[in-house]
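Visitor: Structure file query_20.txt, compact mmCIF, C-alpha atoms, is pasted below:
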```txt
# COMPACT_ATOMS: atom_id res chain seq x y z
CA ALA A 1 -1.37 18.18 -5.03
CA ALA A 2 -1.88 19.22 -1.40
CA HIS A 3 -5.66 19.23 -1.87
CA ALA A 4 -5.56 15.69 -3.33
CA ALA A 5 -3.26 14.49 -0.55
CA GLY A 6 -5.57 15.98 2.07
CA GLN A 7 -8.59 14.19 0.61
CA VAL A 8 -6.67 10.91 0.47
CA VAL A 9 -5.60 11.24 4.12
CA LEU A 10 -9.16 12.14 5.17
CA LEU A 11 -10.66 9.23 3.25
CA GLY A 12 -8.09 6.74 4.53
CA ALA A 13 -8.49 7.82 8.16
CA THR A 14 -12.27 7.62 7.96
CA VAL A 15 -12.36 4.17 6.36
CA SER A 16 -9.70 2.73 8.69
CA VAL A 17 -11.45 4.03 11.84
CA LEU A 18 -14.78 2.54 10.76
CA LEU A 19 -13.16 -0.78 9.85
CA GLY A 20 -11.14 -0.79 13.07
CA GLY A 21 -14.24 -0.32 15.22
CA VAL A 22 -16.18 -3.13 13.57
CA LEU A 23 -13.33 -5.61 13.09
CA GLY A 24 -11.83 -4.94 16.53
CA PHE A 25 -15.15 -5.73 18.18
CA LEU A 26 -15.63 -8.90 16.12
CA ALA A 27 -11.99 -10.07 16.23
CA PRO A 28 -12.44 -13.24 18.36
CA ARG A 29 -15.53 -14.22 16.37
CA ILE A 30 -13.65 -13.73 13.10
CA LEU A 31 -10.99 -16.18 14.30
CA GLY A 32 -13.75 -18.66 15.10
CA TRP A 33 -15.36 -18.19 11.69
CA MET A 34 -11.97 -18.91 10.11
CA GLY A 35 -11.79 -22.25 11.92
CA ALA A 36 -9.57 -21.44 14.92
CA ASP A 37 -10.02 -23.70 17.95
CA ASP A 38 -10.83 -22.43 21.44
CA GLY A 39 -7.17 -22.43 22.50
CA THR A 40 -6.13 -20.35 19.52
CA ILE A 41 -8.97 -17.89 20.12
CA ALA A 42 -8.03 -17.57 23.80
CA ILE A 43 -4.43 -16.69 22.89
CA GLY A 44 -4.94 -14.86 19.62
CA GLY A 45 -8.25 -13.10 20.26
CA GLU A 46 -6.66 -10.11 21.99
CA ILE A 47 -3.87 -9.97 19.40
CA ALA A 48 -6.42 -9.91 16.58
CA ARG A 49 -8.45 -7.26 18.42
CA ILE A 50 -5.43 -4.96 18.76
CA MET A 51 -4.21 -5.48 15.19
CA LEU A 52 -7.63 -5.09 13.56
CA GLY A 53 -8.72 -2.30 15.88
CA GLY A 54 -5.46 -0.45 15.26
CA ASN A 55 -5.46 -1.02 11.50
CA ILE A 56 -5.37 2.76 11.02
CA THR A 57 -1.61 2.66 11.63
CA VAL A 58 -0.82 0.25 8.78
CA PHE A 59 -3.55 1.79 6.60
CA MET A 60 -2.17 5.30 6.92
CA ILE A 61 1.54 4.47 6.81
CA PHE A 62 1.26 2.90 3.35
CA LEU A 63 -1.32 5.40 2.13
CA ILE A 64 0.78 8.43 3.04
CA ASN A 65 3.90 6.73 1.71
CA ALA A 66 2.13 6.45 -1.64
CA VAL A 67 1.48 10.20 -1.47
CA PHE A 68 5.18 10.88 -0.88
CA ARG A 69 6.29 8.55 -3.66
CA GLY A 70 3.81 10.04 -6.09
CA ALA A 71 5.16 13.50 -5.27
CA GLY A 72 8.76 12.39 -5.77
CA ASP A 73 9.67 12.26 -2.05
CA ALA A 74 10.46 8.55 -2.01
CA VAL A 75 13.25 9.11 0.53
CA ILE A 76 10.74 10.13 3.20
CA ALA A 77 8.72 6.98 2.49
CA MET A 78 11.86 4.88 2.93
CA ARG A 79 12.81 6.63 6.18
CA THR A 80 9.29 6.13 7.50
CA LEU A 81 9.53 2.37 7.03
CA TRP A 82 13.01 2.36 8.58
CA LEU A 83 11.68 4.13 11.67
CA ALA A 84 8.51 2.04 12.01
CA ASN A 85 10.27 -1.30 11.52
CA ALA A 86 13.19 -0.40 13.78
CA LEU A 87 10.81 0.51 16.61
CA ASN A 88 8.85 -2.68 16.01
CA ILE A 89 12.02 -4.78 16.26
CA VAL A 90 13.19 -3.01 19.43
CA LEU A 91 9.83 -2.80 21.22
CA GLY A 92 8.73 -6.36 20.32
CA PRO A 93 10.96 -8.22 22.81
CA CYS A 94 10.40 -5.48 25.41
CA PHE A 95 6.62 -5.94 25.45
CA ILE A 96 6.72 -9.72 24.95
CA PHE A 97 9.21 -10.55 27.73
CA GLY A 98 8.78 -7.48 29.94
CA LEU A 99 12.29 -6.09 29.56
CA GLY A 100 13.10 -3.07 31.72
CA PRO A 101 10.07 -0.91 32.54
CA PHE A 102 7.85 -2.55 29.92
CA PRO A 103 5.07 -4.95 30.99
CA ALA A 104 5.31 -8.61 29.99
CA LEU A 105 2.34 -9.03 27.66
CA GLY A 106 3.38 -12.25 25.96
CA LEU A 107 2.30 -12.62 22.35
CA THR A 108 -0.06 -9.68 22.76
CA GLY A 109 3.05 -7.53 23.20
CA ALA A 110 3.96 -8.18 19.58
CA ALA A 111 0.71 -6.55 18.45
CA VAL A 112 1.25 -3.60 20.80
CA ALA A 113 4.82 -3.08 19.54
CA THR A 114 3.71 -3.29 15.91
CA ASN A 115 1.01 -0.65 16.34
CA LEU A 116 3.32 1.63 18.34
CA GLY A 117 6.04 1.37 15.67
CA ARG A 118 3.66 2.01 12.80
CA GLY A 119 1.87 4.75 14.72
CA THR A 120 5.16 6.52 15.28
CA GLY A 121 5.87 6.20 11.56
CA VAL A 122 2.52 7.86 10.78
CA LEU A 123 3.31 10.75 13.15
CA TYR A 124 6.65 11.14 11.36
CA GLN A 125 4.82 11.30 8.03
CA LEU A 126 2.32 13.86 9.28
CA TRP A 127 5.16 15.97 10.64
CA HIS A 128 6.71 16.07 7.17
CA LEU A 129 3.36 16.74 5.50
CA ALA A 130 2.73 19.70 7.80
CA GLY A 131 6.27 21.06 7.55
CA ALA A 132 7.88 23.29 4.97
CA GLY A 133 10.48 22.41 2.37
CA HIS A 134 8.60 19.52 0.75
CA ARG A 135 6.68 19.17 -2.49
CA ILE A 136 3.42 18.70 -0.57
CA ARG A 137 2.54 20.96 2.36
CA LEU A 138 -0.68 19.90 4.08
CA ARG A 139 -2.87 22.41 5.93
CA TRP A 140 -6.21 22.10 7.75
CA PRO A 141 -8.26 23.48 4.81
CA HIS A 142 -6.93 20.64 2.67
CA LEU A 143 -8.65 18.14 5.00
CA LYS A 144 -12.09 19.64 4.46
CA PRO A 145 -14.23 17.07 2.58
CA ARG A 146 -14.74 17.85 -1.09
CA VAL A 147 -17.27 15.59 -2.72
CA ASP A 148 -16.00 16.10 -6.27
CA ASP A 149 -12.40 15.34 -5.26
CA LEU A 150 -13.43 12.25 -3.30
CA ARG A 151 -15.40 10.97 -6.27
CA ALA A 152 -12.43 11.58 -8.57
CA ILE A 153 -10.23 9.57 -6.20
CA LEU A 154 -12.66 6.70 -5.68
CA ARG A 155 -13.72 6.32 -9.32
CA PRO A 156 -10.42 4.81 -10.59
CA ALA A 157 -9.75 3.14 -7.23
CA TRP A 158 -12.62 0.67 -7.38
CA ASN A 159 -10.78 -1.71 -9.72
CA GLY A 160 -7.80 -1.90 -7.36
CA ILE A 161 -10.11 -2.32 -4.35
CA ALA A 162 -11.92 -5.19 -6.08
CA GLN A 163 -8.64 -6.94 -6.88
CA LEU A 164 -7.44 -6.63 -3.27
CA LEU A 165 -10.78 -7.88 -1.92
CA ILE A 166 -10.63 -10.94 -4.16
CA ASN A 167 -7.07 -11.61 -3.00
CA THR A 168 -7.74 -11.15 0.73
CA THR A 169 -11.08 -12.96 0.83
CA SER A 170 -9.54 -15.94 -0.95
CA TRP A 171 -6.88 -16.02 1.77
CA VAL A 172 -9.59 -16.12 4.44
CA GLY A 173 -11.24 -19.08 2.73
CA LEU A 174 -7.90 -20.84 2.30
CA PHE A 175 -7.05 -20.38 5.99
CA LYS A 176 -10.40 -21.84 6.97
CA ILE A 177 -9.67 -24.94 4.88
CA LEU A 178 -6.15 -25.28 6.32
CA ALA A 179 -7.51 -24.89 9.85
CA LEU A 180 -9.21 -28.29 9.42
CA SER A 181 -5.73 -29.85 9.57
CA GLY A 182 -4.92 -28.26 12.93
CA SER A 183 -3.07 -25.24 14.26
CA ALA A 184 0.38 -26.71 13.54
CA ALA A 185 -0.36 -27.10 9.82
CA LEU A 186 -1.79 -23.59 9.69
CA ALA A 187 1.26 -22.12 11.41
CA GLY A 188 3.62 -23.95 9.06
CA TYR A 189 1.76 -22.72 6.01
CA THR A 190 1.78 -19.14 7.31
CA ILE A 191 5.55 -19.19 7.81
CA ALA A 192 6.16 -20.82 4.42
CA ILE A 193 4.01 -18.31 2.51
CA ARG A 194 5.73 -15.43 4.28
CA VAL A 195 9.14 -16.73 3.24
CA ALA A 196 8.07 -17.47 -0.33
CA ASN A 197 6.09 -14.21 -0.73
CA PRO A 198 5.21 -14.71 -4.40
CA SER A 199 4.83 -11.59 -6.47
CA GLY A 200 2.94 -11.06 -9.70
CA ASP A 201 4.69 -7.82 -10.63
CA LEU A 202 6.33 -7.62 -14.06
CA ARG A 203 9.76 -6.06 -13.52
CA ALA A 204 13.00 -6.18 -15.49
CA SER A 205 14.97 -4.66 -12.61
CA PRO A 206 14.27 -2.88 -9.30
CA ASP A 207 14.11 0.40 -11.23
CA ALA A 208 12.17 -0.66 -14.33
CA GLN A 209 8.68 -1.87 -15.17
CA VAL A 210 8.09 -4.02 -18.21
CA SER A 211 5.02 -5.38 -19.94
CA SER A 212 5.38 -7.80 -22.84
CA GLN A 213 1.79 -8.65 -23.71
CA PRO A 214 1.09 -7.71 -27.35
CA THR A 215 -1.88 -5.41 -27.67
CA GLY A 216 -3.21 -2.51 -29.69
CA MET A 217 -3.54 -0.18 -26.72
CA MET A 218 -1.85 0.21 -23.33
CA ASN A 219 -2.53 2.55 -20.45
CA TYR A 220 -0.08 3.07 -17.56
CA ILE A 221 -1.03 5.06 -14.48
CA GLY A 222 1.42 5.01 -11.60
CA SER A 223 4.70 6.04 -10.06
CA TRP A 224 8.10 5.01 -11.37
CA GLY A 225 10.75 5.68 -8.74
CA GLY A 226 8.76 8.64 -7.44
CA ILE A 227 8.02 9.96 -10.96
CA TYR A 228 4.24 10.02 -11.29
CA GLY A 229 2.43 10.06 -14.60
CA ASN A 230 -0.11 8.65 -17.00
CA VAL A 231 1.04 7.05 -20.26
CA GLU A 232 -1.25 5.93 -23.07
CA LEU A 233 0.05 3.96 -26.08
CA GLU A 234 -1.98 3.07 -29.16
CA ALA A 235 -1.03 1.22 -32.36
CA VAL A 236 -2.76 1.36 -35.75
CA PRO A 237 -4.57 -1.85 -36.88
CA ALA A 238 -1.66 -3.07 -39.04
CA SER A 239 0.68 -3.18 -36.02
CA SER A 240 0.63 -3.93 -32.31
CA ILE A 241 2.54 -2.82 -29.24
CA GLY A 242 5.01 -5.49 -28.12
CA GLU A 243 7.24 -4.91 -25.10
CA VAL A 244 7.16 -1.69 -23.11
CA ALA A 245 9.88 -0.91 -20.54
CA ILE A 246 9.56 2.09 -18.20
CA THR A 247 12.71 3.18 -16.37
CA PRO A 248 12.84 6.14 -13.95
CA GLU A 249 15.67 8.67 -14.23
CA ILE A 250 15.57 10.26 -10.79
CA ALA A 251 18.31 12.85 -11.28
CA GLN A 252 16.56 14.27 -14.37
CA GLU A 253 13.08 13.88 -12.79
CA ARG A 254 11.77 11.96 -15.76
CA ALA A 255 11.04 8.42 -16.94
CA SER A 256 12.31 6.90 -20.19
CA PHE A 257 10.30 4.48 -22.32
CA THR A 258 11.44 1.70 -24.64
CA VAL A 259 8.63 0.58 -26.94
CA THR A 260 8.75 -2.38 -29.32
CA LEU A 261 6.23 -2.35 -32.18
CA ASN A 262 5.20 -5.56 -33.94
CA GLY A 263 3.73 -5.84 -37.43
CA ALA A 264 4.40 -4.84 -41.01
CA LYS A 265 6.63 -1.86 -41.72
CA LEU A 266 4.48 1.00 -42.89
CA PRO A 267 5.72 3.86 -45.10
CA GLY A 268 6.10 6.95 -42.99
CA ALA A 269 5.50 5.10 -39.71
CA SER A 270 6.55 7.02 -36.63
CA VAL A 271 6.31 7.05 -32.84
CA GLU A 272 4.87 10.15 -31.20
CA ILE A 273 5.14 10.85 -27.48
CA THR A 274 3.11 13.71 -25.99
CA ASP A 275 3.00 15.14 -22.46
```
What would the structure in this file look like if it were written as structure tokens?
Guide:
Amino acid sequence: AAHAAGQVVLLGATVSVLLGGVLGFLAPRILGWMGADDGTIAIGGEIARIMLGGNITVFMIFLINAVFRGAGDAVIAMRTLWLANALNIVLGPCFIFGLGPFPALGLTGAAVATNLGRGTGVLYQLWHLAGAGHRIRLRWPHLKPRVDDLRAILRPAWNGIAQLLINTTSWVGLFKILALSGSAALAGYTIAIRVANPSGDLRASPDAQVSSQPTGMMNYIGSWGGIYGNVELEAVPASSIGEVAITPEIAQERASFTVTLNGAKLPGASVEITD
């Protein structure tokens, strides 16, 4: 697990640094390509440069949190977000308005506070990864590139990457269209979509995951409340898998499954679950 975590951290840091260098340099131009007017670019160009250039903080904080959750240390992931968000809330007004010894940076101060808060959260994560007493203990040899491990990580990741790219690029196109109506319309839409925050996740409760699409085969790979695993379900031709509910049982370090089978009752039919 430590070797896999080390390769994930190495890969994430490398990708985020490369993206940060390119996107940070092109930040004002990107705003222009998205339809921002000169006034918006003058105000938001530096903010975009700081946020895109410092994307390693948000990249790593969620990446390492996924490592902790997959290893069953979801509490550390929660504390990391508490720390990062608390610092962001406290430092935001300080850097925006120049409270106390902090410089008054205006809106740019919000970007500075966000990166400082998230960066502190990443340092907190690395401290736990390097320390003892946790399920994953990261050491320098674990960060040495291993081609086979990196391939094994990237191979199943491409589907998720493609989905995220489709989602994010569609947002860029949508913002460019909305920008034709002016900055006020764009700002109103941004606030509204943040409040609405639609989600496509299928969940029966905060602690359960449910799928109800009838099929002959299902494959689940993920983490349920910090319990990581891979579940494959297959039905014979005369039947199909109906609803599947996955509920984590943290105290017992296991996840329970409720499976509904559709179709004719077969003599001697049974359900077999293997590790």
Visitor: Which residues are near segment 74-77 of chain A? Cut-off 9 Å, only C-alpha atoms, ignore same chain within fewer than 2 positions. Put them as a list in words.
Guide: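 Final neighbour list, sorted by chain and number: Ile61, Phe62, Ile64, Asn65, Ala66, Val67, Phe68, Arg69, Gly70, Ala71, Gly72, Arg79, Thr80, Leu81, Trp82, Gln125, His128, Gly225 and Gly226 of chain A.
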Visitor: As a ChimeraX atom specification, please: the residues near Pro141 of chain A (cut-off 9 Å, all atoms listed in the file, same-chain neighbours under 2 positions excluded).
Guide: /A:3,6,138-139,143-144
Visitor: Write out as a VMD selection string each polymer residue whose atoms come within 12 Å of Gly32 of chain A, counting all atoms listed in the file; drop sequence neighbours fewer than 6 positions from it.
Guide: chain A and resid 26 38 to 42 44 to 45 48 172 175 to 176 179
Visitor: Taking all atoms listed in the file into account, which of A:Phe25, A:Phe97, A:Trp127, A:Trp33 comes nearest Gly173 of chain A?
Guide: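 Distance minimum relative to Gly173 of chain A lands on A:Trp33.
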Visitor: Between atom CA of Leu91 of chain A and atom CA of Leu105 of chain A, what distance in Å does the model show, to one decimal?
Guide: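 Atom CA of Leu105 of chain A lies 11.7 Å from atom CA of Leu91 of chain A.
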Visitor: Figure out the distance between atom CA of Ala111 of chain A and atom CA of Ile47 of chain A, please, to one decimal in Å.
Guide: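 About the pair atom CA of Ile47 of chain A and atom CA of Ala111 of chain A: they are 5.8 Å apart.
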Visitor: Which residues, written as a PyMOL selection string, have at least one atom at most 10 Å from Asp149 of chain A, with only C-alpha atoms counted and residues fewer than 2 positions away on the same chain left out?
Guide: chain A and resi 3-4+7-8+145-147+151-155
Visitor: For those residues, write C-alpha atoms to a file as a PDB file, keeping the file's coordinate frame.
Guide:
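The result, written out as part-v5.pdb:
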```pdb
ATOM      1  CA  HIS A   3      -5.660  19.230  -1.870  1.00  0.00           C
ATOM      2  CA  ALA A   4      -5.560  15.690  -3.330  1.00  0.00           C
ATOM      3  CA  GLN A   7      -8.590  14.190   0.610  1.00  0.00           C
ATOM      4  CA  VAL A   8      -6.670  10.910   0.470  1.00  0.00           C
ATOM      5  CA  PRO A 145     -14.230  17.070   2.580  1.00  0.00           C
ATOM      6  CA  ARG A 146     -14.740  17.850  -1.090  1.00  0.00           C
ATOM      7  CA  VAL A 147     -17.270  15.590  -2.720  1.00  0.00           C
ATOM      8  CA  ARG A 151     -15.400  10.970  -6.270  1.00  0.00           C
ATOM      9  CA  ALA A 152     -12.430  11.580  -8.570  1.00  0.00           C
ATOM     10  CA  ILE A 153     -10.230   9.570  -6.200  1.00  0.00           C
ATOM     11  CA  LEU A 154     -12.660   6.700  -5.680  1.00  0.00           C
ATOM     12  CA  ARG A 155     -13.720   6.320  -9.320  1.00  0.00           C
TER      13      ARG A 155
END
```
Visitor: Which one is closest to Gly24 of chain A: A:Asn55, A:Thr190, A:Thr108, A:Gln163? Count all atoms listed in the file.
Guide: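 Under the stated criterion, the closest residue is A:Asn55.
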Visitor: May I ask for the distance between atom CA of Asn85 of chain A and atom CA of Gly160 of chain A, given in Å to one decimal place?
Guide: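 These two atoms are separated by 26.1 Å.
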Visitor: Compare A:Asn159, A:Asp148, A:Asn167, A:Met60 by their minimum atom-to-atom distance to Thr120 of chain A, counting only C-alpha atoms, and give me the closest one.
Guide: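 The shortest atom-to-atom distance to Thr120 of chain A comes from A:Met60.
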Visitor: Quick one: residues within 7 Å of Ile96 of chain A, all atoms listed in the file, excluding same-chain residues fewer than 2 positions away - as a PyMOL selection string?
Guide: chain A and resi 92-94+98+104-107+109-110
Visitor: Which one is closest to Leu150 of chain A: A:Leu180, A:Ala5, A:Leu165, A:Ile193? Count all atoms listed in the file.
Guide: A:Ala5
Visitor: Anything within 12 Å of (-12.3, -4.3, 16.4): list those residues as a compact mmCIF listing (two decimals) with C-alpha atoms, in the coordinates of the input, counting all atoms listed in the file and sticking to the file's coordinates.
Guide:
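Below is the file that was written, part-v1.txt:
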```txt
# COMPACT_ATOMS: atom_id res chain seq x y z
CA SER A 16 -9.70 2.73 8.69
CA VAL A 17 -11.45 4.03 11.84
CA LEU A 18 -14.78 2.54 10.76
CA LEU A 19 -13.16 -0.78 9.85
CA GLY A 20 -11.14 -0.79 13.07
CA GLY A 21 -14.24 -0.32 15.22
CA VAL A 22 -16.18 -3.13 13.57
CA LEU A 23 -13.33 -5.61 13.09
CA GLY A 24 -11.83 -4.94 16.53
CA PHE A 25 -15.15 -5.73 18.18
CA LEU A 26 -15.63 -8.90 16.12
CA ALA A 27 -11.99 -10.07 16.23
CA PRO A 28 -12.44 -13.24 18.36
CA ARG A 29 -15.53 -14.22 16.37
CA ILE A 30 -13.65 -13.73 13.10
CA GLY A 45 -8.25 -13.10 20.26
CA GLU A 46 -6.66 -10.11 21.99
CA ILE A 47 -3.87 -9.97 19.40
CA ALA A 48 -6.42 -9.91 16.58
CA ARG A 49 -8.45 -7.26 18.42
CA ILE A 50 -5.43 -4.96 18.76
CA MET A 51 -4.21 -5.48 15.19
CA LEU A 52 -7.63 -5.09 13.56
CA GLY A 53 -8.72 -2.30 15.88
CA GLY A 54 -5.46 -0.45 15.26
CA ASN A 55 -5.46 -1.02 11.50
CA ILE A 56 -5.37 2.76 11.02
```
